[in-house]
Structure formats: structure tokens, C-alpha cells
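Shown next: input36.csv, containing CSV, C-alpha atoms and all ligand atoms.
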```
chain,number,residue,atom,x,y,z
A,1,GLU,CA,28.0,-11.9,-5.6
A,2,VAL,CA,27.3,-8.6,-7.5
A,3,ILE,CA,24.9,-8.7,-10.4
A,4,LEU,CA,24.2,-6.0,-12.9
A,5,ALA,CA,20.6,-6.4,-14.1
A,6,ILE,CA,18.8,-5.0,-17.1
A,7,GLU,CA,15.0,-4.6,-17.6
A,8,THR,CA,13.5,-3.3,-20.8
A,9,SER,CA,10.3,-5.3,-21.2
A,10,CYS,CA,7.9,-2.3,-21.5
A,11,ASP,CA,8.4,1.4,-21.2
A,12,GLU,CA,11.1,1.7,-18.5
A,13,THR,CA,14.8,1.4,-19.3
A,14,ALA,CA,16.1,0.1,-16.0
A,15,VAL,CA,19.5,-1.0,-14.7
A,16,ALA,CA,20.4,-2.1,-11.2
A,17,ILE,CA,23.3,-3.4,-9.3
A,18,ILE,CA,22.4,-5.9,-6.6
A,19,ARG,CA,24.8,-7.5,-4.0
A,20,GLY,CA,24.0,-10.9,-2.5
A,21,GLY,CA,20.5,-10.9,-3.9
A,22,THR,CA,19.2,-8.5,-1.2
A,23,GLU,CA,21.1,-5.3,-1.2
A,24,ILE,CA,20.4,-2.5,-3.7
A,25,VAL,CA,23.7,-0.9,-4.7
A,26,ALA,CA,22.2,1.1,-7.5
A,27,ASN,CA,18.7,1.2,-9.0
A,28,VAL,CA,18.3,3.5,-12.1
A,29,VAL,CA,15.0,3.8,-13.9
A,30,ALA,CA,14.5,5.9,-17.0
A,31,SER,CA,10.8,6.2,-17.6
A,32,GLN,CA,9.3,7.0,-21.0
A,33,ILE,CA,5.8,7.8,-19.7
A,34,GLU,CA,6.0,11.4,-21.1
A,35,SER,CA,6.6,10.1,-24.6
A,36,HIS,CA,3.7,7.7,-24.6
A,37,LYS,CA,1.2,9.9,-22.7
A,38,ARG,CA,-0.2,11.7,-25.8
A,39,PHE,CA,-1.0,8.3,-27.4
A,40,GLY,CA,-2.9,7.2,-24.3
A,41,GLY,CA,-0.7,4.0,-24.0
A,42,VAL,CA,2.6,2.5,-24.7
A,43,VAL,CA,3.6,2.6,-28.5
A,44,PRO,CA,5.9,-0.3,-29.1
A,45,GLU,CA,8.1,1.4,-31.7
A,46,ILE,CA,8.6,4.4,-29.6
A,47,ALA,CA,9.5,2.2,-26.6
A,48,SER,CA,12.1,0.4,-28.6
A,49,ARG,CA,13.7,3.5,-29.9
A,50,HIS,CA,13.9,5.1,-26.4
A,51,HIS,CA,15.5,1.9,-25.0
A,52,VAL,CA,18.2,2.0,-27.7
A,53,GLU,CA,18.9,5.7,-26.9
A,54,GLN,CA,18.9,5.2,-23.1
A,55,ILE,CA,20.4,1.8,-22.4
A,56,THR,CA,24.1,2.7,-22.5
A,57,ILE,CA,23.5,5.8,-20.5
A,58,VAL,CA,21.5,4.0,-17.8
A,59,VAL,CA,24.2,1.2,-17.5
A,60,GLU,CA,26.9,3.9,-17.1
A,61,GLU,CA,24.8,5.7,-14.5
A,62,ALA,CA,24.2,2.6,-12.4
A,63,LEU,CA,28.0,1.9,-12.4
A,64,HIS,CA,28.7,5.5,-11.6
A,65,GLN,CA,26.3,5.6,-8.7
A,66,SER,CA,27.8,2.4,-7.3
A,67,ASN,CA,31.3,3.6,-7.8
A,68,MET,CA,32.0,0.3,-9.6
A,69,THR,CA,33.5,-1.0,-12.9
A,70,PHE,CA,32.8,-4.3,-14.7
A,71,ASP,CA,35.7,-5.8,-12.6
A,72,ASP,CA,33.3,-5.6,-9.6
A,73,ILE,CA,30.5,-7.4,-11.5
A,74,ASP,CA,30.1,-11.2,-11.3
A,75,ALA,CA,27.2,-11.6,-13.7
A,76,ILE,CA,24.9,-9.8,-16.1
A,77,ALA,CA,21.1,-10.5,-15.7
A,78,VAL,CA,18.4,-9.5,-18.1
A,79,THR,CA,14.6,-9.8,-18.5
A,80,GLU,CA,14.1,-12.4,-21.2
A,81,GLY,CA,10.2,-12.1,-21.3
A,82,PRO,CA,7.3,-11.6,-21.3
A,83,GLY,CA,6.9,-8.1,-22.7
A,84,LEU,CA,7.1,-6.2,-25.9
A,85,VAL,CA,9.4,-8.1,-28.3
A,86,GLY,CA,11.1,-5.0,-29.6
A,87,ALA,CA,11.6,-3.6,-26.2
A,88,LEU,CA,12.9,-6.9,-24.7
A,89,LEU,CA,15.4,-7.3,-27.6
A,90,ILE,CA,17.2,-4.1,-26.7
A,91,GLY,CA,17.8,-5.3,-23.2
A,92,VAL,CA,18.7,-8.8,-24.2
A,93,ASN,CA,21.2,-7.6,-26.9
A,94,ALA,CA,22.8,-5.1,-24.5
A,95,ALA,CA,23.2,-7.8,-21.8
A,96,LYS,CA,24.7,-10.3,-24.4
A,97,ALA,CA,27.1,-7.6,-25.6
A,98,LEU,CA,28.2,-6.7,-22.0
A,99,ALA,CA,28.5,-10.4,-21.0
A,100,PHE,CA,30.6,-11.2,-24.1
A,101,ALA,CA,32.8,-8.1,-23.9
A,102,HIS,CA,33.5,-8.5,-20.2
A,103,GLN,CA,33.5,-12.3,-20.1
A,104,LYS,CA,30.7,-12.6,-17.5
A,105,PRO,CA,28.0,-15.2,-17.1
A,106,LEU,CA,24.6,-14.2,-18.6
A,107,ILE,CA,21.4,-14.9,-16.5
A,108,PRO,CA,17.9,-14.8,-18.1
A,109,VAL,CA,15.1,-13.8,-15.8
A,110,HIS,CA,11.3,-14.0,-16.2
A,111,HIS,CA,9.7,-10.5,-15.7
A,112,ILE,CA,7.0,-11.7,-13.3
A,113,ALA,CA,9.6,-13.7,-11.3
A,114,GLY,CA,11.3,-10.4,-11.0
A,115,HIS,CA,8.2,-8.7,-9.6
A,116,ILE,CA,7.8,-11.5,-7.0
A,117,TYR,CA,11.5,-11.3,-6.0
A,118,ALA,CA,11.2,-7.5,-5.4
A,119,ASN,CA,10.1,-8.8,-2.0
A,120,GLN,CA,13.5,-10.4,-1.4
A,121,LEU,CA,14.9,-6.9,-1.3
A,122,ILE,CA,12.7,-6.2,1.8
A,123,THR,CA,12.9,-9.5,3.7
A,124,PRO,CA,14.2,-13.1,3.2
A,125,LEU,CA,11.5,-15.3,1.5
A,126,LYS,CA,10.0,-18.0,3.7
A,127,PHE,CA,8.5,-21.0,1.9
A,128,PRO,CA,5.8,-22.1,1.3
A,129,LEU,CA,4.5,-18.7,0.2
A,130,LEU,CA,1.9,-17.1,-1.9
A,131,ALA,CA,2.4,-14.1,-4.2
A,132,LEU,CA,-0.4,-11.9,-5.4
A,133,VAL,CA,0.9,-10.5,-8.7
A,134,VAL,CA,-1.1,-7.6,-10.0
A,135,SER,CA,0.4,-5.7,-12.9
A,136,GLY,CA,-0.3,-4.1,-16.2
A,137,GLY,CA,-0.4,-7.5,-18.0
A,138,HIS,CA,-0.9,-10.0,-15.2
A,139,THR,CA,-3.2,-10.9,-12.3
A,140,GLU,CA,-2.1,-14.1,-10.7
A,141,LEU,CA,-1.9,-16.0,-7.5
A,142,VAL,CA,1.4,-17.8,-7.4
A,143,TYR,CA,2.3,-20.6,-5.0
A,144,MET,CA,6.0,-21.3,-4.2
A,145,LYS,CA,7.2,-24.2,-2.3
A,146,GLU,CA,10.8,-23.3,-2.9
A,147,HIS,CA,13.0,-20.8,-4.7
A,148,VAL,CA,12.2,-20.1,-8.4
A,149,ARG,CA,9.5,-22.8,-8.6
A,150,PHE,CA,6.3,-21.2,-9.5
A,151,GLU,CA,2.8,-22.7,-9.5
A,152,VAL,CA,0.1,-20.4,-10.8
A,153,ILE,CA,-3.0,-21.4,-8.9
A,154,GLY,CA,-5.2,-18.6,-10.3
A,155,GLU,CA,-5.0,-16.1,-13.1
A,156,THR,CA,-7.1,-13.6,-15.0
A,157,ARG,CA,-9.4,-14.9,-17.7
A,158,ASP,CA,-9.5,-11.5,-19.5
A,159,ASP,CA,-8.1,-8.2,-18.5
A,160,ALA,CA,-5.3,-7.8,-16.0
A,161,ALA,CA,-6.0,-5.6,-13.0
A,162,GLY,CA,-3.7,-2.8,-14.2
A,163,GLU,CA,-5.2,-3.0,-17.7
A,164,ALA,CA,-8.7,-2.5,-16.1
A,165,TYR,CA,-7.4,0.5,-14.1
A,166,ASP,CA,-5.9,2.1,-17.2
A,167,LYS,CA,-9.1,1.5,-19.3
A,168,VAL,CA,-11.4,2.9,-16.6
A,169,ALA,CA,-9.0,5.9,-16.3
A,170,ARG,CA,-9.3,6.5,-20.0
A,171,THR,CA,-13.1,6.5,-19.8
A,172,LEU,CA,-12.8,9.2,-17.2
A,173,GLN,CA,-10.3,11.0,-19.5
A,174,LEU,CA,-7.4,10.7,-17.1
A,175,PRO,CA,-3.8,10.6,-18.4
A,176,TYR,CA,-1.9,7.4,-19.0
A,177,PRO,CA,-1.0,5.4,-16.9
A,178,GLY,CA,-4.3,5.8,-15.2
A,179,GLY,CA,-3.9,3.5,-12.2
A,180,PRO,CA,-2.3,6.1,-9.9
A,181,HIS,CA,-5.0,8.7,-10.9
A,182,ILE,CA,-7.9,6.3,-10.1
A,183,ASP,CA,-6.2,5.4,-6.8
A,184,ARG,CA,-6.0,9.1,-5.9
A,185,LEU,CA,-9.6,9.8,-6.8
A,186,ALA,CA,-10.8,6.7,-5.0
A,187,GLN,CA,-9.2,8.0,-1.7
A,188,GLU,CA,-11.3,11.2,-2.1
A,189,GLY,CA,-14.7,9.4,-2.8
A,190,GLU,CA,-17.1,6.9,-1.3
A,191,PRO,CA,-18.0,3.6,-3.1
A,192,LEU,CA,-21.7,4.4,-3.5
A,193,ILE,CA,-22.2,2.8,-6.9
A,194,ASP,CA,-22.9,-0.9,-6.8
A,195,LEU,CA,-20.6,-2.5,-9.4
A,196,PRO,CA,-20.2,-6.3,-10.1
A,197,ARG,CA,-17.7,-8.6,-8.5
A,198,ALA,CA,-16.6,-11.6,-10.6
A,199,TRP,CA,-16.3,-14.4,-8.0
A,200,LEU,CA,-16.4,-17.1,-10.8
A,201,GLU,CA,-17.0,-20.8,-9.8
A,202,ASP,CA,-16.8,-21.8,-6.2
A,203,GLY,CA,-13.2,-22.6,-5.2
A,204,SER,CA,-11.7,-20.9,-8.3
A,205,TYR,CA,-8.7,-18.6,-7.8
A,206,ASP,CA,-9.1,-17.1,-11.3
A,207,PHE,CA,-10.0,-13.5,-11.8
A,208,SER,CA,-12.0,-11.5,-14.4
A,209,PHE,CA,-12.1,-7.8,-14.7
A,210,SER,CA,-13.7,-7.2,-18.1
A,211,GLY,CA,-17.3,-7.3,-16.8
A,212,LEU,CA,-16.4,-4.7,-14.2
A,213,LYS,CA,-14.7,-2.5,-16.8
A,214,SER,CA,-17.8,-2.7,-19.0
A,215,ALA,CA,-20.1,-1.8,-16.1
A,216,VAL,CA,-18.0,1.3,-15.4
A,217,ILE,CA,-18.1,2.3,-19.1
A,218,ASN,CA,-21.9,1.7,-19.2
A,219,THR,CA,-22.4,3.8,-16.0
A,220,VAL,CA,-20.5,6.7,-17.6
A,221,HIS,CA,-22.3,6.3,-20.9
A,222,ASN,CA,-25.8,6.1,-19.4
A,223,ALA,CA,-25.2,9.2,-17.2
A,224,LYS,CA,-24.0,11.1,-20.3
A,225,GLN,CA,-27.2,10.1,-22.2
A,226,LYS,CA,-29.4,11.3,-19.4
A,227,GLY,CA,-27.4,14.5,-19.2
A,228,GLU,CA,-26.3,13.7,-15.7
A,229,ASP,CA,-22.9,14.4,-14.1
A,230,ILE,CA,-20.9,11.4,-12.8
A,231,ASN,CA,-18.9,12.1,-9.8
A,232,PRO,CA,-15.4,10.8,-10.7
A,233,GLN,CA,-14.4,10.3,-7.1
A,234,THR,CA,-17.5,8.2,-6.4
A,235,LEU,CA,-17.0,6.1,-9.6
A,236,ALA,CA,-13.2,5.6,-8.9
A,237,ALA,CA,-14.0,4.6,-5.3
A,238,SER,CA,-16.7,2.1,-6.4
A,239,PHE,CA,-14.4,0.6,-9.1
A,240,GLN,CA,-11.5,0.3,-6.7
A,241,ALA,CA,-13.8,-1.2,-4.0
A,242,SER,CA,-14.8,-4.0,-6.4
A,243,VAL,CA,-11.2,-4.8,-7.6
A,244,VAL,CA,-9.8,-4.8,-4.1
A,245,ASP,CA,-12.7,-6.8,-2.6
A,246,VAL,CA,-12.2,-9.6,-5.1
A,247,LEU,CA,-8.4,-9.6,-4.9
A,248,VAL,CA,-8.2,-9.6,-1.1
A,249,THR,CA,-11.0,-12.2,-0.6
A,250,LYS,CA,-9.6,-14.7,-3.1
A,251,THR,CA,-6.1,-14.2,-1.7
A,252,GLU,CA,-7.4,-14.8,1.8
A,253,LYS,CA,-9.0,-18.1,0.7
A,254,ALA,CA,-5.8,-19.2,-1.0
A,255,VAL,CA,-3.7,-18.3,2.1
A,256,GLN,CA,-6.0,-20.5,4.2
A,257,GLU,CA,-6.0,-23.4,1.8
A,258,TYR,CA,-2.3,-23.4,1.1
A,259,ASN,CA,-1.2,-22.8,4.7
A,260,VAL,CA,1.7,-20.5,3.8
A,261,ASN,CA,4.2,-18.6,5.9
A,262,GLN,CA,4.4,-15.5,3.7
A,263,LEU,CA,2.1,-13.5,1.5
A,264,LEU,CA,3.9,-11.3,-1.0
A,265,LEU,CA,2.4,-8.5,-3.0
A,266,ALA,CA,3.9,-7.8,-6.4
A,267,GLY,CA,3.5,-5.8,-9.7
A,268,GLY,CA,2.6,-2.2,-10.6
A,269,VAL,CA,-0.9,-2.4,-9.0
A,270,ALA,CA,0.8,-3.3,-5.7
A,271,ALA,CA,1.4,0.4,-5.5
A,272,ASN,CA,-2.3,0.9,-5.0
A,273,LYS,CA,-3.1,2.5,-1.7
A,274,GLY,CA,-6.5,0.9,-1.3
A,275,LEU,CA,-5.2,-2.6,-2.0
A,276,ARG,CA,-2.2,-2.2,0.4
A,277,GLU,CA,-4.5,-1.0,3.2
A,278,ALA,CA,-7.1,-3.6,2.6
A,279,LEU,CA,-4.5,-6.4,2.6
A,280,GLN,CA,-2.9,-5.1,5.8
A,281,GLN,CA,-6.3,-5.0,7.5
A,282,ARG,CA,-7.5,-8.4,6.3
A,283,PHE,CA,-4.2,-10.2,7.3
A,284,GLU,CA,-3.7,-8.6,10.7
A,285,LYS,CA,-5.5,-11.5,12.3
A,286,TYR,CA,-3.1,-14.1,10.6
A,287,SER,CA,-0.2,-13.9,13.1
A,288,ASN,CA,1.5,-16.9,11.4
A,289,VAL,CA,1.5,-15.3,7.9
A,290,GLU,CA,4.0,-12.6,7.2
A,291,LEU,CA,2.5,-10.0,4.8
A,292,VAL,CA,5.3,-8.3,2.7
A,293,ILE,CA,4.5,-5.2,0.7
A,294,PRO,CA,7.3,-3.6,-1.3
A,295,PRO,CA,7.8,0.2,-1.4
A,296,LEU,CA,6.2,1.9,-4.4
A,297,SER,CA,9.5,2.1,-6.3
A,298,LEU,CA,9.9,-1.7,-6.3
A,299,CYS,CA,6.3,-2.3,-7.3
A,300,THR,CA,6.4,-0.8,-10.8
A,301,ASP,CA,9.0,-1.9,-13.3
A,302,ASN,CA,12.6,-1.8,-12.2
A,303,ALA,CA,15.8,-3.8,-12.6
A,304,ALA,CA,16.5,-4.3,-8.9
A,305,MET,CA,13.8,-7.0,-8.8
A,306,ILE,CA,15.5,-8.7,-11.8
A,307,GLY,CA,18.8,-8.7,-10.0
A,308,ALA,CA,17.2,-10.1,-6.9
A,309,ALA,CA,15.7,-13.0,-8.8
A,310,ALA,CA,18.9,-13.5,-10.8
A,311,SER,CA,20.9,-14.0,-7.7
A,312,VAL,CA,19.0,-17.1,-6.9
A,313,LEU,CA,19.4,-18.4,-10.5
A,314,TYR,CA,23.1,-17.6,-10.4
A,315,ARG,CA,23.6,-19.8,-7.3
A,316,LYS,CA,21.7,-22.5,-9.1
A,317,ASP,CA,24.1,-22.2,-12.0
A,318,ARG,CA,21.4,-21.1,-14.4
A,319,ARG,CA,23.2,-19.6,-17.4
A,320,ALA,CA,22.2,-18.5,-20.9
A,321,THR,CA,24.4,-18.8,-23.9
A,322,MET,CA,25.0,-16.2,-26.6
A,323,ALA,CA,22.0,-17.7,-28.3
A,324,LEU,CA,19.6,-16.1,-25.8
A,325,ASN,CA,16.7,-14.4,-27.5
A,326,ALA,CA,13.8,-12.3,-26.3
A,327,ASN,CA,10.7,-14.3,-25.6
A,328,PRO,CA,7.6,-12.1,-25.5
A,329,GLY,CA,5.4,-15.1,-24.5
A,330,LEU,CA,7.7,-16.7,-21.9
A,331,VAL,CA,5.7,-18.6,-19.2
A,332,LEU,CA,6.4,-18.5,-15.5
A,333,GLU,CA,5.9,-22.2,-14.5
B,1,LIG,P1,3.6,-6.8,-16.6
B,1,LIG,O1,4.4,-6.6,-15.4
B,1,LIG,O2,2.4,-7.6,-16.4
B,1,LIG,O3,4.4,-7.3,-17.8
B,1,LIG,P2,3.8,-4.0,-16.8
B,1,LIG,O4,5.2,-4.3,-16.6
B,1,LIG,O5,3.4,-3.1,-18.0
B,1,LIG,O6,3.1,-5.4,-17.0
B,1,LIG,P3,3.8,-2.9,-14.3
B,1,LIG,O7,4.9,-1.8,-14.6
B,1,LIG,O8,4.2,-3.9,-13.4
B,1,LIG,O9,3.1,-3.4,-15.6
B,1,LIG,O10,2.6,-2.1,-13.7
B,1,LIG,C1,2.0,-1.0,-14.4
B,1,LIG,C2,0.5,-1.0,-14.1
B,1,LIG,O11,0.4,-0.6,-12.7
B,1,LIG,C3,-0.2,0.1,-14.9
B,1,LIG,O12,-1.4,-0.6,-15.4
B,1,LIG,C4,-0.5,1.1,-13.9
B,1,LIG,O13,-1.8,1.8,-14.1
B,1,LIG,C5,-0.7,0.3,-12.6
B,1,LIG,N1,-0.5,1.1,-11.4
B,1,LIG,C6,0.6,1.8,-11.0
B,1,LIG,N2,0.3,2.4,-9.8
B,1,LIG,C7,-1.0,2.1,-9.5
B,1,LIG,C8,-1.8,2.5,-8.4
B,1,LIG,N3,-1.5,3.3,-7.5
B,1,LIG,N4,-3.1,2.0,-8.4
B,1,LIG,C9,-3.5,1.1,-9.4
B,1,LIG,N5,-2.7,0.8,-10.5
B,1,LIG,C10,-1.5,1.3,-10.5
B,2,MG,MG,5.7,0.5,-17.1
B,3,FE,FE,5.9,-5.3,-14.9
```

Please, can you express the file's structure as C-alpha cells?
Amino acid sequence: EVILAIETSCDETAVAIIRGGTEIVANVVASQIESHKRFGGVVPEIASRHHVEQITIVVEEALHQSNMTFDDIDAIAVTEGPGLVGALLIGVNAAKALAFAHQKPLIPVHHIAGHIYANQLITPLKFPLLALVVSGGHTELVYMKEHVRFEVIGETRDDAAGEAYDKVARTLQLPYPGGPHIDRLAQEGEPLIDLPRAWLEDGSYDFSFSGLKSAVINTVHNAKQKGEDINPQTLAASFQASVVDVLVTKTEKAVQEYNVNQLLLAGGVAANKGLREALQQRFEKYSNVELVIPPLSLCTDNAAMIGAAASVLYRKDRRATMALNANPGLVLE
């Protein structure tokens, strides 16, 4: 089947066309980063307005790139939530209008399910599996025994990994989104500053990054007061070492306990070079566990991942009615 998928949960207006749940026919992403940069973060009203302006153009571009018309499309999929309500609404209403006008089934998709299913565009999923989801709003270890059944075995108790990256970047006066900048600086420095690692209770797969974030802010503040210079490369490398250490160590424990066939990496922070390398190194010795890491373009927000997840839902006859609404607090389980 061929699915046209729409994703507008945050600051990317994205439309993709996916065949058979695995093949990317088109994958168009219109990023708004330039419009939000001067505010140091995503401004919801600006995001909504950009989505309204872009959505029709991006749908047409995806069809054009595919050399397809709506006659070739079997279903329309859309991110239902979570995300910014005003941003989600643009995608949901566009999807409803297209589904109604062209008489196509409408498939609602959870944004994080999408991030996880980005991996299906690389290789078939093999259950049971674990997914490490690290994004702007989520840090979760998700266990899956079968398709589209999600069990969150650990999650962040405060900041998400991406959020911590962005806040630390702001402290270092780096532009938004800061994750890629911290990543680049970290490659150039050594982790010489000892920063905290929140292991939490024994056996917990939960995460916490706010203590680490505060430690970084304090380090910068204290240096400033003493009139000392902080080496941004050293600080970025030290911060990244702490984040990656906790993520990889907890993931390894979970992989051992849950005895999975696959480990998937998902979400915007999955683009992080340090995390990708550390996971590859740590999981080399697990010859029974297939580590899957999507290319950078499928880690950050896109609609191809929504189309991949939608394909599974389509085959399970999961349909939304015209009463579908955006759900900013939609849960995964
Ligand atoms: P969610 O998916 O939880 O709803 P979101 O959609 O806003 O949140 P994503 O687009 O999945 O988040 O990811 C964006 C986040 O990824 C930002 O916080 C950004 O800084 C971070 N990020 C992107 N590239 C890197 C990188 N190389 N290293 C670290 N963080 C990165
Ligand atoms: Mg984004
Ligand atoms: Fe996302």
C-alpha cells in the first residue's frame, strides 16, 4: 500500500509518501528553524502560522517528487500527538480535508511511535525489541513484544535529553537548536570536568537530566565569578560524556534483562555522534542483538517515520473518523 503521511507536531512541516511501510518514495521536510532561532526556541504561534503557509506546498512537493496523484494513494496518515496543539491541528485538519476530499482512510499516529518506526525504513523489526527514544521532549526505554504495542520501562523524571542539550547550549550562548552544536564541540574536546550522573535507584530504567544541567550552569557561573575562562569544548565533552554514559549503561542493562533481538535508536538526539559511537562500541559484543541506528535525516522530525508506523496500523484496520482531533498529551502505551 502507498501512504501519504503528514507530520506537524513541532517546527517541521513534513510530508512523506511511503510504499509498503518500508520504502521512502518521497520525504519532504520544511524546517522553520530560521524563524525560531532569534527567540532561542520554538514559538508556538509562529510554528502554527508557518505550518498553515507551508502544508499545501509540501503536500504538492511530495506528490510531485513521487510522480503520483491521489489516485495512487491508499491512505492518509497524520501525527495526532503529542506536540504543540496549534501545530498538530494544522496537520490533523489538512489530513482530514485530504481524506474527505479524496475518500481515503485516515490513520492517526503517535509521534513517538513514528520515531521508533523510523527504524523500519532501515530494516524489518524483530521482536521482542527495545527502543531507546531520545528526543526534544522524551527520553524513554520502550519494550515491544509485537507491532504497535509499547511498554515504557523507563522514562525521564524531569528534562528530556534533547531539552538538556538545548539548555546547556543556551548557557554556552550557542544558537537554537543547540544539540548539534554541543555534539560538534564535544568531538573537539576532552571530558575533563567531573559532572554528575543520575543513576537513580538500583534497577530503575528512569532518567534524570536536570541535576546535570544545573551542574553545567553552575560550572559556567562559578568560572565567570572568578573571572576564569571556561573551555567550551571541554565543558561540552564533559556534559556529553555524562549523558551518553547514563543512556548507554541503562540501555545495556535493559537489553540484558529483557533479552531482546533488536535495539533501536530513535528521536532527534539519536543524531548525536557521541551516542551513536558509544552504542556501537558497547553492543559490539552482543552478537545476538541487532543494533539499528537510523541515518540523521530519519532521527529528527520527518513524516517518513509517520508513514512507516501508519503502514502497520493500516494493516490492522486502525482508522480515525472525521472527528479526529489533535491530542497534545497523547500517551504511547
Ligand atoms: P519529541 O519528539 O519528544 O516530541 P521534538 O520532536 O521536538 O520532541 P526531535 O525533533 O525528535 O524533538 O529532536 C530535536 C532535539 O534533538 C533537539 O533538542 C535537538 O537539540 C536534538 N538534537 C538534534 N541533533 C542532535 C545532536 N547531534 N546531538 C544532540 N542533540 C541533538
Ligand atoms: Mg524539530
Ligand atoms: Fe520528534

How would you report the residues lying within 6 Å of ligand MG 2 (chain B), as a CSV table (one decimal) with C-alpha atoms, in the coordinates of the input, if you count all atoms listed in the file?
```csv
chain,number,residue,atom,x,y,z
A,10,CYS,CA,7.9,-2.3,-21.5
A,11,ASP,CA,8.4,1.4,-21.2
A,12,GLU,CA,11.1,1.7,-18.5
A,301,ASP,CA,9.0,-1.9,-13.3
```

query: Can you list, as a list of chain:residue names, every protein, DNA or RNA residue that comes within 8 Å of stretch 194-199 of chain A when you count only C-alpha atoms, leaving out same-chain residues fewer than 5 positions away?
result: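 Listed by chain and then number, they are A:Ser204, A:Phe207, A:Ser208, A:Phe209, A:Gly211, A:Leu212, A:Ala215, A:Val216, A:Ser238, A:Phe239, A:Ser242, A:Val243, A:Asp245, A:Val246.
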
Can I get the selection written as a PDB file, in the coordinates of the input, with C-alpha atoms?
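Output below, filename selection-v3.pdb:
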```
ATOM      1  CA  SER A 204     -11.700 -20.900  -8.300  1.00  0.00           C
ATOM      2  CA  PHE A 207     -10.000 -13.500 -11.800  1.00  0.00           C
ATOM      3  CA  SER A 208     -12.000 -11.500 -14.400  1.00  0.00           C
ATOM      4  CA  PHE A 209     -12.100  -7.800 -14.700  1.00  0.00           C
ATOM      5  CA  GLY A 211     -17.300  -7.300 -16.800  1.00  0.00           C
ATOM      6  CA  LEU A 212     -16.400  -4.700 -14.200  1.00  0.00           C
ATOM      7  CA  ALA A 215     -20.100  -1.800 -16.100  1.00  0.00           C
ATOM      8  CA  VAL A 216     -18.000   1.300 -15.400  1.00  0.00           C
ATOM      9  CA  SER A 238     -16.700   2.100  -6.400  1.00  0.00           C
ATOM     10  CA  PHE A 239     -14.400   0.600  -9.100  1.00  0.00           C
ATOM     11  CA  SER A 242     -14.800  -4.000  -6.400  1.00  0.00           C
ATOM     12  CA  VAL A 243     -11.200  -4.800  -7.600  1.00  0.00           C
ATOM     13  CA  ASP A 245     -12.700  -6.800  -2.600  1.00  0.00           C
ATOM     14  CA  VAL A 246     -12.200  -9.600  -5.100  1.00  0.00           C
TER      15      VAL A 246
END
```

message: Report, in Å to a single decimal, how far apart atom CA of A:Val269 and atom C10 of ligand LIG 1 (chain B) are.
response: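 Going from atom C10 of ligand LIG 1 (chain B) over to atom CA of A:Val269 covers 4.0 Å.
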
task: Work out how far atom CA of A:Ile55 is from atom CA of A:Ala303, in Å to one decimal.
output: 12.2 Å

- prompt: Counting all atoms listed in the file, which protein, DNA or RNA residues come within 6 Å of ligand LIG 1 (chain B), given as a list in words?
  reply: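 The distance check yields Cys10, Gly83, Ser135, Gly136, Gly137, His138, Gly162, Glu163, Tyr165, Asp166, Pro177, Gly178, Gly179, Pro180, Asp183, Gly267, Gly268, Val269, Ala271, Asn272, Thr300 and Asp301 of chain A.
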
Saved selection, atoms kept: C-alpha atoms, as a PDB file, keeping the file's coordinate frame:
```pdb
ATOM      1  CA  CYS A  10       7.900  -2.300 -21.500  1.00  0.00           C
ATOM      2  CA  GLY A  83       6.900  -8.100 -22.700  1.00  0.00           C
ATOM      3  CA  SER A 135       0.400  -5.700 -12.900  1.00  0.00           C
ATOM      4  CA  GLY A 136      -0.300  -4.100 -16.200  1.00  0.00           C
ATOM      5  CA  GLY A 137      -0.400  -7.500 -18.000  1.00  0.00           C
ATOM      6  CA  HIS A 138      -0.900 -10.000 -15.200  1.00  0.00           C
ATOM      7  CA  GLY A 162      -3.700  -2.800 -14.200  1.00  0.00           C
ATOM      8  CA  GLU A 163      -5.200  -3.000 -17.700  1.00  0.00           C
ATOM      9  CA  TYR A 165      -7.400   0.500 -14.100  1.00  0.00           C
ATOM     10  CA  ASP A 166      -5.900   2.100 -17.200  1.00  0.00           C
ATOM     11  CA  PRO A 177      -1.000   5.400 -16.900  1.00  0.00           C
ATOM     12  CA  GLY A 178      -4.300   5.800 -15.200  1.00  0.00           C
ATOM     13  CA  GLY A 179      -3.900   3.500 -12.200  1.00  0.00           C
ATOM     14  CA  PRO A 180      -2.300   6.100  -9.900  1.00  0.00           C
ATOM     15  CA  ASP A 183      -6.200   5.400  -6.800  1.00  0.00           C
ATOM     16  CA  GLY A 267       3.500  -5.800  -9.700  1.00  0.00           C
ATOM     17  CA  GLY A 268       2.600  -2.200 -10.600  1.00  0.00           C
ATOM     18  CA  VAL A 269      -0.900  -2.400  -9.000  1.00  0.00           C
ATOM     19  CA  ALA A 271       1.400   0.400  -5.500  1.00  0.00           C
ATOM     20  CA  ASN A 272      -2.300   0.900  -5.000  1.00  0.00           C
ATOM     21  CA  THR A 300       6.400  -0.800 -10.800  1.00  0.00           C
ATOM     22  CA  ASP A 301       9.000  -1.900 -13.300  1.00  0.00           C
TER      23      ASP A 301
END
```

- prompt: If you measure from atom CA of A:Ala26 to atom CA of A:Leu313, what distance in Å do you get, rounded to one decimal?
  reply: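 A separation of 19.9 Å between them.
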